[in-house]
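Undergrad: So here's model-v1.tsv, just TSV, C-alpha atoms and all ligand atoms:
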```tsv
chain	number	residue	atom	x	y	z
A	5	MET	CA	8.58	-16.04	23.42
A	6	THR	CA	7.39	-12.54	22.64
A	7	GLN	CA	9.39	-9.43	21.89
A	8	LYS	CA	8.62	-6.64	24.28
A	9	ALA	CA	10.07	-3.14	24.44
A	10	PHE	CA	11.05	-1.51	27.71
A	11	LYS	CA	11.62	2.22	27.62
A	12	TYR	CA	13.52	4.32	30.15
A	13	ARG	CA	14.81	7.83	30.52
A	14	PHE	CA	18.52	8.29	30.83
A	15	TYR	CA	20.92	11.12	31.42
A	16	PRO	CA	24.01	11.12	29.19
A	17	THR	CA	27.33	12.45	30.44
A	18	PRO	CA	28.60	15.43	28.40
A	19	GLU	CA	30.91	13.05	26.51
A	20	GLN	CA	28.11	10.60	25.77
A	21	GLU	CA	25.88	13.45	24.66
A	22	VAL	CA	28.49	14.61	22.16
A	23	LEU	CA	28.94	11.08	20.84
A	24	LEU	CA	25.22	10.39	20.63
A	25	ARG	CA	24.40	13.69	18.95
A	26	ARG	CA	27.14	13.03	16.44
A	27	THR	CA	25.86	9.48	15.84
A	28	MET	CA	22.32	10.77	15.33
A	29	GLY	CA	23.57	13.49	13.00
A	30	CYS	CA	25.43	10.91	10.89
A	31	THR	CA	22.43	8.58	10.90
A	32	ARG	CA	20.23	11.44	9.71
A	33	LEU	CA	22.71	12.45	7.02
A	34	VAL	CA	23.04	8.89	5.69
A	35	TYR	CA	19.28	8.41	5.74
A	36	ASN	CA	18.63	11.68	3.88
A	37	ARG	CA	21.37	11.04	1.32
A	38	ALA	CA	20.06	7.56	0.61
A	39	LEU	CA	16.52	8.88	0.32
A	40	ALA	CA	17.68	11.55	-2.15
A	41	ALA	CA	19.61	8.95	-4.15
A	42	ARG	CA	16.66	6.59	-4.29
A	43	THR	CA	14.30	9.36	-5.35
A	44	GLN	CA	16.69	10.56	-8.05
A	45	ALA	CA	17.31	7.05	-9.35
A	46	TRP	CA	13.60	6.51	-9.70
A	47	TYR	CA	12.67	9.81	-11.34
A	48	GLU	CA	15.66	10.09	-13.66
A	49	HIS	CA	16.28	6.48	-14.64
A	50	GLN	CA	13.23	4.57	-13.34
A	51	GLU	CA	15.61	2.46	-11.28
A	52	ARG	CA	14.81	0.97	-7.93
A	53	VAL	CA	17.52	1.21	-5.29
A	54	GLY	CA	17.17	-1.25	-2.44
A	55	TYR	CA	18.83	-1.73	0.93
A	56	ILE	CA	21.85	-3.56	-0.46
A	57	GLU	CA	22.57	-0.83	-3.01
A	58	SER	CA	22.16	1.95	-0.45
A	59	ASN	CA	24.45	0.07	1.91
A	60	SER	CA	27.20	-0.02	-0.70
A	61	MET	CA	26.63	3.70	-1.29
A	62	LEU	CA	27.34	4.13	2.42
A	63	THR	CA	30.62	2.28	2.03
A	64	ASN	CA	31.58	4.70	-0.74
A	65	TRP	CA	30.54	7.77	1.23
A	66	LYS	CA	32.77	6.68	4.06
A	67	LYS	CA	35.72	6.82	1.66
A	68	GLN	CA	34.96	10.37	0.50
A	69	GLU	CA	37.21	13.03	1.94
A	70	ASP	CA	34.39	15.38	2.94
A	71	LEU	CA	32.51	12.58	4.73
A	72	GLN	CA	35.37	11.15	6.81
A	73	PHE	CA	33.46	11.96	10.02
A	74	LEU	CA	31.11	9.06	9.24
A	75	ASN	CA	33.92	6.76	10.38
A	76	ASP	CA	33.96	8.32	13.87
A	77	VAL	CA	30.67	6.76	14.92
A	78	SER	CA	29.43	3.18	15.19
A	79	SER	CA	28.38	1.94	11.75
A	80	VAL	CA	25.46	-0.06	13.14
A	81	PRO	CA	23.03	2.87	13.64
A	82	LEU	CA	23.84	4.09	10.13
A	83	GLN	CA	22.91	0.71	8.64
A	84	GLN	CA	19.87	0.40	10.85
A	85	GLY	CA	18.76	3.79	9.53
A	86	LEU	CA	19.02	2.42	5.98
A	87	ARG	CA	16.93	-0.60	7.01
A	88	HIS	CA	14.27	1.74	8.34
A	89	LEU	CA	14.35	3.64	5.07
A	90	GLN	CA	13.79	0.33	3.29
A	91	THR	CA	10.77	-0.35	5.51
A	92	ALA	CA	9.43	3.14	4.81
A	93	PHE	CA	9.65	2.43	1.07
A	94	SER	CA	8.00	-0.99	1.42
A	95	ASN	CA	5.15	0.68	3.30
A	96	PHE	CA	4.89	3.33	0.62
A	97	PHE	CA	4.80	0.80	-2.23
A	98	ALA	CA	2.17	-1.24	-0.37
A	99	GLY	CA	-0.02	1.85	-0.03
A	100	ARG	CA	0.23	1.90	3.75
A	101	ALA	CA	2.16	5.14	4.05
A	102	LYS	CA	3.14	8.34	2.28
A	103	TYR	CA	6.43	8.81	0.48
A	104	PRO	CA	9.29	8.90	3.03
A	105	ASN	CA	10.33	12.34	4.23
A	106	PHE	CA	13.71	13.82	4.98
A	107	LYS	CA	14.65	13.75	8.65
A	108	LYS	CA	15.12	17.15	10.24
A	109	LYS	CA	17.38	18.10	13.08
A	110	HIS	CA	14.72	19.84	15.13
A	111	HIS	CA	12.61	16.67	15.15
A	112	GLY	CA	15.16	15.09	17.47
A	113	GLY	CA	16.87	11.92	16.45
A	114	ASN	CA	17.42	8.28	17.11
A	115	ALA	CA	20.10	5.66	16.81
A	116	GLU	CA	19.50	1.94	16.86
A	117	PHE	CA	22.16	-0.42	18.17
A	118	THR	CA	22.06	-4.15	17.54
A	119	LYS	CA	23.94	-6.65	19.68
A	120	ALA	CA	27.26	-6.02	17.97
A	121	ALA	CA	27.16	-2.37	18.96
A	122	PHE	CA	26.49	-2.45	22.70
A	123	ARG	CA	27.35	-4.45	25.79
A	124	PHE	CA	24.90	-5.48	28.47
A	125	LYS	CA	26.80	-6.29	31.64
A	126	ASP	CA	25.63	-6.56	35.26
A	127	GLY	CA	22.39	-4.83	34.31
A	128	GLN	CA	24.21	-1.92	32.72
A	129	ILE	CA	24.44	-0.77	29.14
A	130	PHE	CA	27.62	0.28	27.41
A	131	LEU	CA	27.31	1.71	23.90
A	132	ALA	CA	29.96	1.20	21.25
A	133	LYS	CA	32.76	3.78	21.42
A	134	SER	CA	31.74	4.84	24.93
A	135	SER	CA	33.46	3.59	28.10
A	136	GLN	CA	30.84	4.65	30.62
A	137	ALA	CA	27.53	2.89	31.27
A	138	LEU	CA	24.33	4.80	30.47
A	139	ALA	CA	22.81	6.45	33.56
A	140	ILE	CA	19.35	4.94	33.22
A	141	ARG	CA	16.43	5.71	35.50
A	142	TRP	CA	14.94	2.24	35.96
A	143	SER	CA	11.30	3.26	36.30
A	144	ARG	CA	10.24	-0.39	36.07
A	145	GLN	CA	12.16	-3.59	36.38
A	146	LEU	CA	13.57	-5.35	33.37
A	147	PRO	CA	12.51	-9.03	33.69
A	148	LEU	CA	15.21	-11.12	35.38
A	149	GLY	CA	17.66	-12.98	33.20
A	150	VAL	CA	16.78	-11.27	29.92
A	151	GLU	CA	19.21	-9.67	27.56
A	152	PRO	CA	18.22	-6.90	25.15
A	153	SER	CA	18.63	-7.82	21.48
A	154	THR	CA	18.33	-4.27	20.18
A	155	ILE	CA	18.46	-0.92	21.91
A	156	THR	CA	17.31	2.39	20.52
A	157	VAL	CA	18.47	5.72	21.86
A	158	LYS	CA	16.12	8.61	21.21
A	159	LEU	CA	16.34	12.33	21.62
A	160	SER	CA	12.89	13.89	21.58
A	161	PRO	CA	12.29	17.36	20.10
A	162	SER	CA	11.75	18.57	23.67
A	163	GLY	CA	15.29	17.48	24.58
A	164	ARG	CA	14.48	14.29	26.50
A	165	TRP	CA	16.75	11.25	26.19
A	166	THR	CA	15.24	7.78	26.30
A	167	VAL	CA	16.53	4.30	25.66
A	168	SER	CA	14.26	1.52	24.51
A	169	MET	CA	15.31	-2.12	24.90
A	170	LEU	CA	13.86	-5.01	22.96
A	171	VAL	CA	13.83	-8.23	24.97
A	172	ASP	CA	12.37	-11.71	24.56
A	173	VAL	CA	9.98	-12.53	27.38
A	174	GLU	CA	7.59	-15.31	28.23
A	175	ILE	CA	4.13	-13.80	28.69
A	176	GLU	CA	1.67	-15.74	30.77
A	177	ARG	CA	-1.73	-16.07	29.17
A	178	LEU	CA	-4.69	-14.72	31.10
A	179	PRO	CA	-7.30	-17.14	32.47
A	180	GLU	CA	-10.28	-17.49	30.11
A	181	SER	CA	-13.08	-14.99	30.51
A	182	SER	CA	-16.70	-15.33	29.45
A	183	ASN	CA	-17.00	-11.65	28.50
A	184	GLN	CA	-16.84	-10.25	25.01
A	185	VAL	CA	-17.01	-6.69	23.85
A	186	GLY	CA	-17.55	-4.58	20.73
A	187	VAL	CA	-15.66	-1.30	20.61
A	188	ASP	CA	-16.81	1.65	18.53
A	189	LEU	CA	-14.89	4.82	17.87
A	190	GLY	CA	-17.12	7.46	19.41
A	191	ILE	CA	-17.52	10.96	18.11
A	192	THR	CA	-18.45	12.67	21.35
A	193	SER	CA	-16.65	10.16	23.54
A	194	LEU	CA	-13.38	8.38	22.79
A	195	VAL	CA	-14.93	4.93	22.58
A	196	ALA	CA	-18.31	3.33	23.18
A	197	LEU	CA	-18.53	-0.26	24.42
A	198	SER	CA	-21.26	-2.78	23.69
A	199	SER	CA	-21.63	-3.12	27.46
A	200	GLY	CA	-23.20	0.36	27.36
A	201	GLU	CA	-20.18	2.15	28.75
A	202	LYS	CA	-18.75	5.28	27.16
A	203	ILE	CA	-15.18	6.30	27.76
A	204	ALA	CA	-14.17	9.92	27.39
A	205	ASN	CA	-10.79	11.36	26.62
A	206	PRO	CA	-8.58	11.82	29.70
A	207	ARG	CA	-9.27	14.76	31.97
A	208	GLY	CA	-7.43	17.95	31.26
A	209	PHE	CA	-6.99	17.03	27.62
A	210	LYS	CA	-8.85	20.09	26.38
A	211	ALA	CA	-6.79	22.41	28.56
A	212	LYS	CA	-3.59	20.89	27.22
A	213	LYS	CA	-4.82	21.34	23.66
A	214	ALA	CA	-5.50	25.02	24.36
A	215	LYS	CA	-2.02	25.35	25.82
A	216	LEU	CA	-0.56	23.81	22.67
A	217	ARG	CA	-2.51	26.19	20.45
A	218	LYS	CA	-1.20	29.16	22.44
A	219	ALA	CA	2.38	27.93	22.17
A	220	GLN	CA	1.99	27.37	18.43
A	221	ILE	CA	0.67	30.88	17.88
A	222	ALA	CA	3.55	32.31	19.91
A	223	LEU	CA	5.99	30.33	17.76
A	224	SER	CA	4.44	31.57	14.52
A	225	ARG	CA	5.08	35.17	15.62
A	226	LYS	CA	8.80	34.71	16.25
A	227	GLN	CA	11.31	35.74	13.64
A	228	LYS	CA	12.86	32.93	11.65
A	229	GLY	CA	16.34	31.96	12.77
A	230	SER	CA	16.10	33.93	16.01
A	231	ASN	CA	16.94	32.69	19.48
A	232	ASN	CA	13.41	33.40	20.65
A	233	ARG	CA	12.06	31.22	17.87
A	234	GLN	CA	14.26	28.38	19.10
A	235	LYS	CA	12.88	28.83	22.62
A	236	ALA	CA	9.30	28.94	21.36
A	237	ARG	CA	9.89	25.81	19.33
A	238	LEU	CA	11.13	23.99	22.41
A	239	LYS	CA	8.05	25.13	24.31
A	240	VAL	CA	5.77	23.70	21.60
A	241	ALA	CA	7.73	20.44	21.66
A	242	LYS	CA	7.33	20.22	25.44
A	243	VAL	CA	3.56	20.67	25.30
A	244	HIS	CA	3.41	18.07	22.52
A	245	ALA	CA	5.36	15.67	24.75
A	246	GLU	CA	2.99	16.37	27.66
A	247	ILE	CA	-0.02	15.58	25.50
A	248	SER	CA	1.42	12.41	24.03
A	249	ASP	CA	2.55	11.18	27.47
A	250	ALA	CA	-0.95	11.67	28.86
A	251	ARG	CA	-2.50	10.01	25.82
A	252	ASN	CA	-0.16	7.03	25.83
A	253	ASP	CA	-0.65	6.45	29.52
A	254	PHE	CA	-4.41	6.60	29.08
A	255	LEU	CA	-4.48	4.33	26.01
A	256	HIS	CA	-2.29	1.71	27.67
A	257	LYS	CA	-4.48	1.60	30.77
A	258	LEU	CA	-7.64	1.36	28.66
A	259	THR	CA	-6.39	-1.37	26.32
A	260	THR	CA	-4.94	-3.42	29.19
A	261	ARG	CA	-8.25	-3.20	31.00
A	262	LEU	CA	-10.27	-4.25	27.92
A	263	VAL	CA	-7.95	-7.19	27.24
A	264	ARG	CA	-8.04	-8.33	30.88
A	265	GLU	CA	-11.82	-8.18	31.07
A	266	ASN	CA	-12.77	-9.76	27.74
A	267	GLN	CA	-12.11	-12.97	25.88
A	268	LEU	CA	-13.11	-11.48	22.54
A	269	ILE	CA	-12.70	-7.92	21.34
A	270	ALA	CA	-14.26	-6.72	18.08
A	271	VAL	CA	-13.38	-3.40	16.45
A	272	GLU	CA	-14.07	-1.76	13.15
A	273	ASP	CA	-11.28	-1.57	10.63
A	274	LEU	CA	-11.64	2.13	9.99
A	275	SER	CA	-9.02	3.45	7.76
A	276	VAL	CA	-8.10	6.47	9.82
A	277	LYS	CA	-6.18	7.80	6.88
A	278	ASN	CA	-9.38	8.12	4.85
A	279	MET	CA	-11.55	9.28	7.70
A	280	VAL	CA	-9.33	12.15	8.68
A	281	LYS	CA	-10.30	13.70	5.36
A	282	ASN	CA	-13.78	14.21	6.79
A	283	LYS	CA	-13.37	17.49	8.63
A	284	LYS	CA	-16.10	16.88	11.18
A	285	LEU	CA	-14.44	13.69	12.32
A	286	ALA	CA	-10.84	14.74	11.89
A	287	LEU	CA	-10.31	16.36	15.26
A	288	SER	CA	-11.97	13.68	17.33
A	289	ILE	CA	-10.16	10.90	15.49
A	290	SER	CA	-6.68	12.27	15.55
A	291	ASP	CA	-7.25	13.14	19.19
A	292	ALA	CA	-8.62	9.76	19.95
A	293	SER	CA	-5.62	8.03	18.36
A	294	TRP	CA	-7.87	5.31	17.08
A	295	GLY	CA	-5.10	3.66	15.10
A	296	GLU	CA	-2.87	3.38	18.16
A	297	LEU	CA	-5.74	2.04	20.26
A	298	VAL	CA	-6.45	-0.70	17.71
A	299	ARG	CA	-2.75	-1.51	17.41
A	300	GLN	CA	-2.41	-1.95	21.17
A	301	LEU	CA	-5.55	-4.08	21.40
A	302	GLU	CA	-4.26	-6.31	18.62
A	303	TYR	CA	-0.86	-7.06	20.10
A	304	LYS	CA	-2.10	-7.33	23.67
A	305	CYS	CA	-4.80	-9.80	22.59
A	306	ASP	CA	-2.04	-11.78	20.92
A	307	TRP	CA	0.13	-11.68	24.06
A	308	TYR	CA	-2.57	-12.78	26.45
A	309	GLY	CA	-4.41	-15.32	24.30
A	310	ARG	CA	-7.53	-13.28	23.53
A	311	ASN	CA	-9.52	-13.20	20.28
A	312	PHE	CA	-9.23	-10.01	18.32
A	313	VAL	CA	-11.58	-9.41	15.37
A	314	LYS	CA	-11.45	-6.53	12.93
A	315	ILE	CA	-14.66	-5.90	11.01
A	316	ASP	CA	-14.74	-4.91	7.36
A	317	ARG	CA	-14.97	-1.20	7.17
A	318	TRP	CA	-18.06	-1.10	4.99
A	319	PHE	CA	-20.11	-2.88	7.59
A	320	PRO	CA	-23.01	-0.47	8.36
A	321	SER	CA	-22.43	-0.49	12.12
A	322	SER	CA	-24.06	2.85	12.84
A	323	LYS	CA	-27.10	2.64	10.61
A	324	ARG	CA	-28.14	-0.88	11.54
A	325	CYS	CA	-30.62	-1.41	14.36
A	326	GLY	CA	-28.97	-3.78	16.82
A	327	ASN	CA	-32.35	-5.10	17.86
A	328	CYS	CA	-34.08	-6.06	14.59
A	329	GLY	CA	-31.36	-5.64	11.95
A	330	HIS	CA	-33.19	-2.91	10.04
A	331	ILE	CA	-30.85	-0.54	8.25
A	332	VAL	CA	-31.82	3.10	8.03
A	333	ASP	CA	-31.19	5.11	4.92
A	334	LYS	CA	-29.25	7.96	6.40
A	335	LEU	CA	-27.87	8.88	9.80
A	336	ASP	CA	-26.16	12.25	9.88
A	337	LEU	CA	-23.11	12.64	12.06
A	338	PHE	CA	-24.83	15.12	14.38
A	339	ILE	CA	-27.59	12.63	15.30
A	340	ARG	CA	-26.60	11.19	18.68
A	341	GLU	CA	-29.76	9.17	19.39
A	342	TRP	CA	-32.40	7.68	17.17
A	343	ASN	CA	-35.47	5.42	17.13
A	344	CYS	CA	-35.65	2.42	14.85
A	345	PRO	CA	-38.50	3.01	12.35
A	346	ASN	CA	-39.07	-0.73	12.16
A	347	CYS	CA	-39.14	-1.97	15.78
A	348	GLY	CA	-39.20	1.33	17.68
A	349	THR	CA	-36.11	0.63	19.82
A	350	HIS	CA	-34.41	3.78	21.11
A	351	HIS	CA	-30.67	3.82	20.35
A	352	ASP	CA	-27.66	5.72	21.49
A	353	ARG	CA	-25.78	6.02	18.21
A	354	ASP	CA	-22.36	4.90	19.43
A	355	ILE	CA	-23.51	2.18	21.82
A	356	ASN	CA	-25.76	0.68	19.13
A	357	ALA	CA	-22.81	0.68	16.73
A	358	SER	CA	-20.59	-1.11	19.26
A	359	LYS	CA	-23.29	-3.78	19.73
A	360	ASN	CA	-23.41	-4.35	15.97
A	361	ILE	CA	-19.64	-4.59	15.87
A	362	LEU	CA	-19.69	-7.23	18.59
A	363	ALA	CA	-22.40	-9.22	16.77
A	364	ALA	CA	-20.41	-9.13	13.53
A	365	GLY	CA	-17.23	-10.02	15.41
A	366	LEU	CA	-18.91	-13.06	16.95
A	367	ALA	CA	-20.14	-14.19	13.54
A	368	VAL	CA	-16.60	-14.00	12.20
A	369	SER	CA	-14.95	-15.78	15.11
A	370	VAL	CA	-17.52	-18.53	15.61
A	371	CYS	CA	-18.01	-19.77	12.06
A	372	GLY	CA	-15.34	-17.90	10.18
A	373	ALA	CA	-18.09	-16.09	8.32
A	374	ASN	CA	-17.23	-13.18	6.14
A	375	ILE	CA	-18.99	-9.90	6.69
A	376	ARG	CA	-19.33	-9.42	2.96
A	377	PRO	CA	-22.68	-11.27	2.60
A	378	ASP	CA	-24.07	-8.89	5.20
A	379	ARG	CA	-22.79	-6.07	3.08
A	380	LEU	CA	-24.75	-7.32	0.09
A	381	GLU	CA	-27.76	-7.73	2.32
A	382	SER	CA	-27.43	-4.16	3.52
A	383	LYS	CA	-27.11	-2.94	-0.04
A	384	ARG	CA	-30.30	-4.72	-0.98
A	385	GLN	CA	-32.11	-3.25	2.00
A	386	LEU	CA	-30.81	0.19	1.27
A	387	ARG	CA	-32.08	-0.07	-2.26
A	388	LYS	CA	-35.47	-1.04	-0.96
A	389	THR	CA	-35.65	1.99	1.29
A	390	SER	CA	-34.23	4.54	-1.07
A	391	ASN	CA	-36.70	4.36	-3.93
A	392	GLY	CA	-34.54	2.10	-6.01
A	393	LYS	CA	-31.62	4.50	-5.85
A	394	LYS	CA	-28.28	2.72	-5.52
A	395	GLN	CA	-26.17	3.57	-2.52
A	396	LYS	CA	-22.89	2.45	-1.14
A	397	PRO	CA	-23.27	1.51	2.50
A	398	LYS	CA	-20.97	3.46	4.72
A	399	SER	CA	-20.56	2.91	8.40
B	401	ZN	ZN	-35.14	-2.12	14.94
```
Could you quickly redo this structure as structure tokens?
Ligand SMILES: [Zn+2]
TA:
Amino acid sequence: MTQKAFKYRFYPTPEQEVLLRRTMGCTRLVYNRALAARTQAWYEHQERVGYIESNSMLTNWKKQEDLQFLNDVSSVPLQQGLRHLQTAFSNFFAGRAKYPNFKKKHHGGNAEFTKAAFRFKDGQIFLAKSSQALAIRWSRQLPLGVEPSTITVKLSPSGRWTVSMLVDVEIERLPESSNQVGVDLGITSLVALSSGEKIANPRGFKAKKAKLRKAQIALSRKQKGSNNRQKARLKVAKVHAEISDARNDFLHKLTTRLVRENQLIAVEDLSVKNMVKNKKLALSISDASWGELVRQLEYKCDWYGRNFVKIDRWFPSSKRCGNCGHIVDKLDLFIREWNCPNCGTHHDRDINASKNILAAGLAVSVCGANIRPDRLESKRQLRKTSNGKKQKPKS
């Protein structure tokens, strides 16, 4: 069994909207208070506050006179918010994420309901403290016979309501394929495949970016706190939503296609976080949503019984000749094509890199080899070619 999320738009009745907005407001308040308390405890007394402690703080807040309104909403989303805060801290301590931020009202909101806080009956959803079913637009069918274990209601900054349901489903594995592919994050294109194919960003992406820029400039000129600023902010949020819809749709189609067509998929484990610091790459990478692409490939490979291999990020995928294995000293970002000084093969930079990634991926999956020895090898070769000067190989 695999957990799969199904997301739908819905249209709350005025009553439901009031209840949901209030629930989200309380969830945000509890989250922010707990975050402040945890931060203070750490900086003033070097004490760590965990989920259990913050949950008992919540119990106390509910007893305070000025916070009585916390009792008017379901307690489940409030606790789920504290669980998410706990996850945010775990990610921070593990070095995977920045320090958690306060939630802001204009970022929209969300409320998570576990089984105790909603009813699923005759294909309809009833939230706690609400007598009417949610008016959901069923854009795709929920698999027959399933029951959601968790549902999350979201209000986007552009004012759109969605509900996401987590269900357990049986996913049929795909028939074996003899194809395998290496995927490189392109600089001019979105990705380059070892099959020689290059995939560009979706059409109209540039125009949408320009539209966003225009809306952002308009927003920056509006007076703080004014009605017009509020309108301009909504406009920016709507363009953002348009862009992320187009991107998500595109990424899902691409990753589904790659997983269907190939038995093995190899990618580079680029730490996007670090790469975005490089200004030349920043735009193309954040646009390309490399992290999301890799995430989708990973879970879809898992669903459908495909092999997914992530290559060590110091593997010199770009500078290595895919034909003879020679590693060149330097390959500036602006160089799109090059000739191998050793064997003379003409390379497209990104396609050559994707071929190297596939070769390394095959080595890992076939014999469980580590890419590290290759790394030492490349270091040795680099030393040879750079007059004895030590260099750290970078992809
Ligand atoms: Zn060569």
Undergrad: Taking into account all atoms listed in the file, which residue in the set A:Gly127, A:Gly329, A:Gly163, A:Gly208 is nearest to Glu151 (chain A)?
TA: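 Distance minimum relative to Glu151 (chain A) lands on A:Gly127.
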Undergrad: Using all atoms listed in the file, find the one residue out of A:Cys325, A:Leu178, A:Ala363, A:Ile355 that sits nearest to ligand ZN 401 (chain B).
TA: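 Looking only at the distances to ligand ZN 401 (chain B), the closest residue turns out to be A:Cys325.
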Undergrad: Please return as a PDB file with C-alpha atoms, in the coordinates of the input the residues found within 8 Å of ligand ZN 401 (chain B), counting all atoms listed in the file.
TA:
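Result file result31.pdb:
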```pdb
ATOM      1  CA  ARG A 324     -28.140  -0.880  11.540  1.00  0.00           C
ATOM      2  CA  CYS A 325     -30.620  -1.410  14.360  1.00  0.00           C
ATOM      3  CA  GLY A 326     -28.970  -3.780  16.820  1.00  0.00           C
ATOM      4  CA  ASN A 327     -32.350  -5.100  17.860  1.00  0.00           C
ATOM      5  CA  CYS A 328     -34.080  -6.060  14.590  1.00  0.00           C
ATOM      6  CA  GLY A 329     -31.360  -5.640  11.950  1.00  0.00           C
ATOM      7  CA  HIS A 330     -33.190  -2.910  10.040  1.00  0.00           C
ATOM      8  CA  ASN A 343     -35.470   5.420  17.130  1.00  0.00           C
ATOM      9  CA  CYS A 344     -35.650   2.420  14.850  1.00  0.00           C
ATOM     10  CA  PRO A 345     -38.500   3.010  12.350  1.00  0.00           C
ATOM     11  CA  ASN A 346     -39.070  -0.730  12.160  1.00  0.00           C
ATOM     12  CA  CYS A 347     -39.140  -1.970  15.780  1.00  0.00           C
ATOM     13  CA  GLY A 348     -39.200   1.330  17.680  1.00  0.00           C
ATOM     14  CA  THR A 349     -36.110   0.630  19.820  1.00  0.00           C
TER      15      THR A 349
END
```
Undergrad: Quick check, in Å to one decimal: how far apart do CA of Trp65 (chain A) and CA of Ala41 (chain A) lie?
TA: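 Taking CA of Trp65 (chain A) and CA of Ala41 (chain A), their separation equals 12.2 Å.
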Undergrad: Neighbours of region 78-80 of chain A within 9 Å (all atoms listed in the file; same-chain residues fewer than 4 positions away dropped), as a PyMOL selection string?
TA: chain A and resi 27+31+74+84-85+115-118+120-121+132-133
Undergrad: Now that the selection is made, can you save its residues with C-alpha atoms as an mmCIF file, keeping the file's coordinate frame?
TA:
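File again.cif, as written:
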```
data_model
loop_
_atom_site.group_PDB
_atom_site.id
_atom_site.type_symbol
_atom_site.label_atom_id
_atom_site.label_comp_id
_atom_site.auth_asym_id
_atom_site.auth_seq_id
_atom_site.Cartn_x
_atom_site.Cartn_y
_atom_site.Cartn_z
ATOM 1 C CA THR A 27 25.860 9.480 15.840
ATOM 2 C CA THR A 31 22.430 8.580 10.900
ATOM 3 C CA LEU A 74 31.110 9.060 9.240
ATOM 4 C CA GLN A 84 19.870 0.400 10.850
ATOM 5 C CA GLY A 85 18.760 3.790 9.530
ATOM 6 C CA ALA A 115 20.100 5.660 16.810
ATOM 7 C CA GLU A 116 19.500 1.940 16.860
ATOM 8 C CA PHE A 117 22.160 -0.420 18.170
ATOM 9 C CA THR A 118 22.060 -4.150 17.540
ATOM 10 C CA ALA A 120 27.260 -6.020 17.970
ATOM 11 C CA ALA A 121 27.160 -2.370 18.960
ATOM 12 C CA ALA A 132 29.960 1.200 21.250
ATOM 13 C CA LYS A 133 32.760 3.780 21.420
#
```
Undergrad: Measuring atom to atom with all atoms listed in the file, identify which of A:Glu174, A:Glu265, A:Asp336, A:Glu341 is nearest to Cys305 (chain A).
TA: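 Nearest candidate to Cys305 (chain A) out of A:Glu174, A:Glu265, A:Asp336, A:Glu341: A:Glu265.
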Undergrad: Identify which of the residues A:Gln68, A:Ser293, A:Gln7, A:Ser168 lies closest to Leu194 (chain A), counting all atoms listed in the file when measuring atom-to-atom distances.
TA: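 The closest residue to Leu194 (chain A) is A:Ser293.
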Undergrad: With distances taken over all atoms listed in the file, which of A:Ala236, A:Leu301, A:Ala250, A:Leu258 is nearest to Arg207 (chain A)?
TA: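 Nearest to Arg207 (chain A): A:Ala250.
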Undergrad: So, with all atoms listed in the file as the atoms that count, which of A:Thr91, A:Thr154, A:Gln72, A:Ser160 lies closest to Arg13 (chain A)?
TA: A:Ser160
Undergrad: Extract, using all atoms listed in the file, all DNA, RNA and protein residues at most 10 Å from His110 (chain A), discarding same-chain residues fewer than 4 positions from it, and format them as an NGL selection string.
TA: :A and (160-163 or 234 or 237-238 or 241)
Undergrad: Find the residues around Trp342 (chain A) up to 8 Å (all atoms listed in the file counted), leave out those fewer than 2 positions away in its own chain, and share them as a PDB file with C-alpha atoms, in the frame of the given file.
TA:
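The new file selection-v1.pdb reads:
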```pdb
ATOM      1  CA  ILE A 339     -27.590  12.630  15.300  1.00  0.00           C
ATOM      2  CA  ARG A 340     -26.600  11.190  18.680  1.00  0.00           C
ATOM      3  CA  CYS A 344     -35.650   2.420  14.850  1.00  0.00           C
ATOM      4  CA  HIS A 350     -34.410   3.780  21.110  1.00  0.00           C
ATOM      5  CA  HIS A 351     -30.670   3.820  20.350  1.00  0.00           C
ATOM      6  CA  ASP A 352     -27.660   5.720  21.490  1.00  0.00           C
ATOM      7  CA  ARG A 353     -25.780   6.020  18.210  1.00  0.00           C
TER       8      ARG A 353
END
```
Undergrad: Given the point (-13.2, -10.8, 17.0) in the file's coordinates, find the residues that have an atom at most 6 Å from it, counting only C-alpha atoms, and give them as a ChimeraX atom specification.
TA: /A:268-270,311-313,365,369
Undergrad: Those residues with C-alpha atoms, as an mmCIF file, keeping the file's coordinate frame please?
TA:
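Contents of again_5.cif, freshly written:
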```cif
data_model
loop_
_atom_site.group_PDB
_atom_site.id
_atom_site.type_symbol
_atom_site.label_atom_id
_atom_site.label_comp_id
_atom_site.auth_asym_id
_atom_site.auth_seq_id
_atom_site.Cartn_x
_atom_site.Cartn_y
_atom_site.Cartn_z
ATOM 1 C CA LEU A 268 -13.110 -11.480 22.540
ATOM 2 C CA ILE A 269 -12.700 -7.920 21.340
ATOM 3 C CA ALA A 270 -14.260 -6.720 18.080
ATOM 4 C CA ASN A 311 -9.520 -13.200 20.280
ATOM 5 C CA PHE A 312 -9.230 -10.010 18.320
ATOM 6 C CA VAL A 313 -11.580 -9.410 15.370
ATOM 7 C CA GLY A 365 -17.230 -10.020 15.410
ATOM 8 C CA SER A 369 -14.950 -15.780 15.110
#
```
Undergrad: Using CA of Val298 (chain A) and CA of Val243 (chain A) as the two end points, give the distance in Å to one decimal.
TA: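 Separating CA of Val298 (chain A) from CA of Val243 (chain A) is a distance of 24.8 Å.
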Undergrad: With 6 Å added on each side, what axis-aligned box encloses every listed atom of region 225-237 of chain A? Give the centre and edge lengths in Å to one decimal, as JSON.
TA:
```
{"center_x": 11.0, "center_y": 30.8, "center_z": 17.1, "size_x": 23.9, "size_y": 21.9, "size_z": 23.0}
```
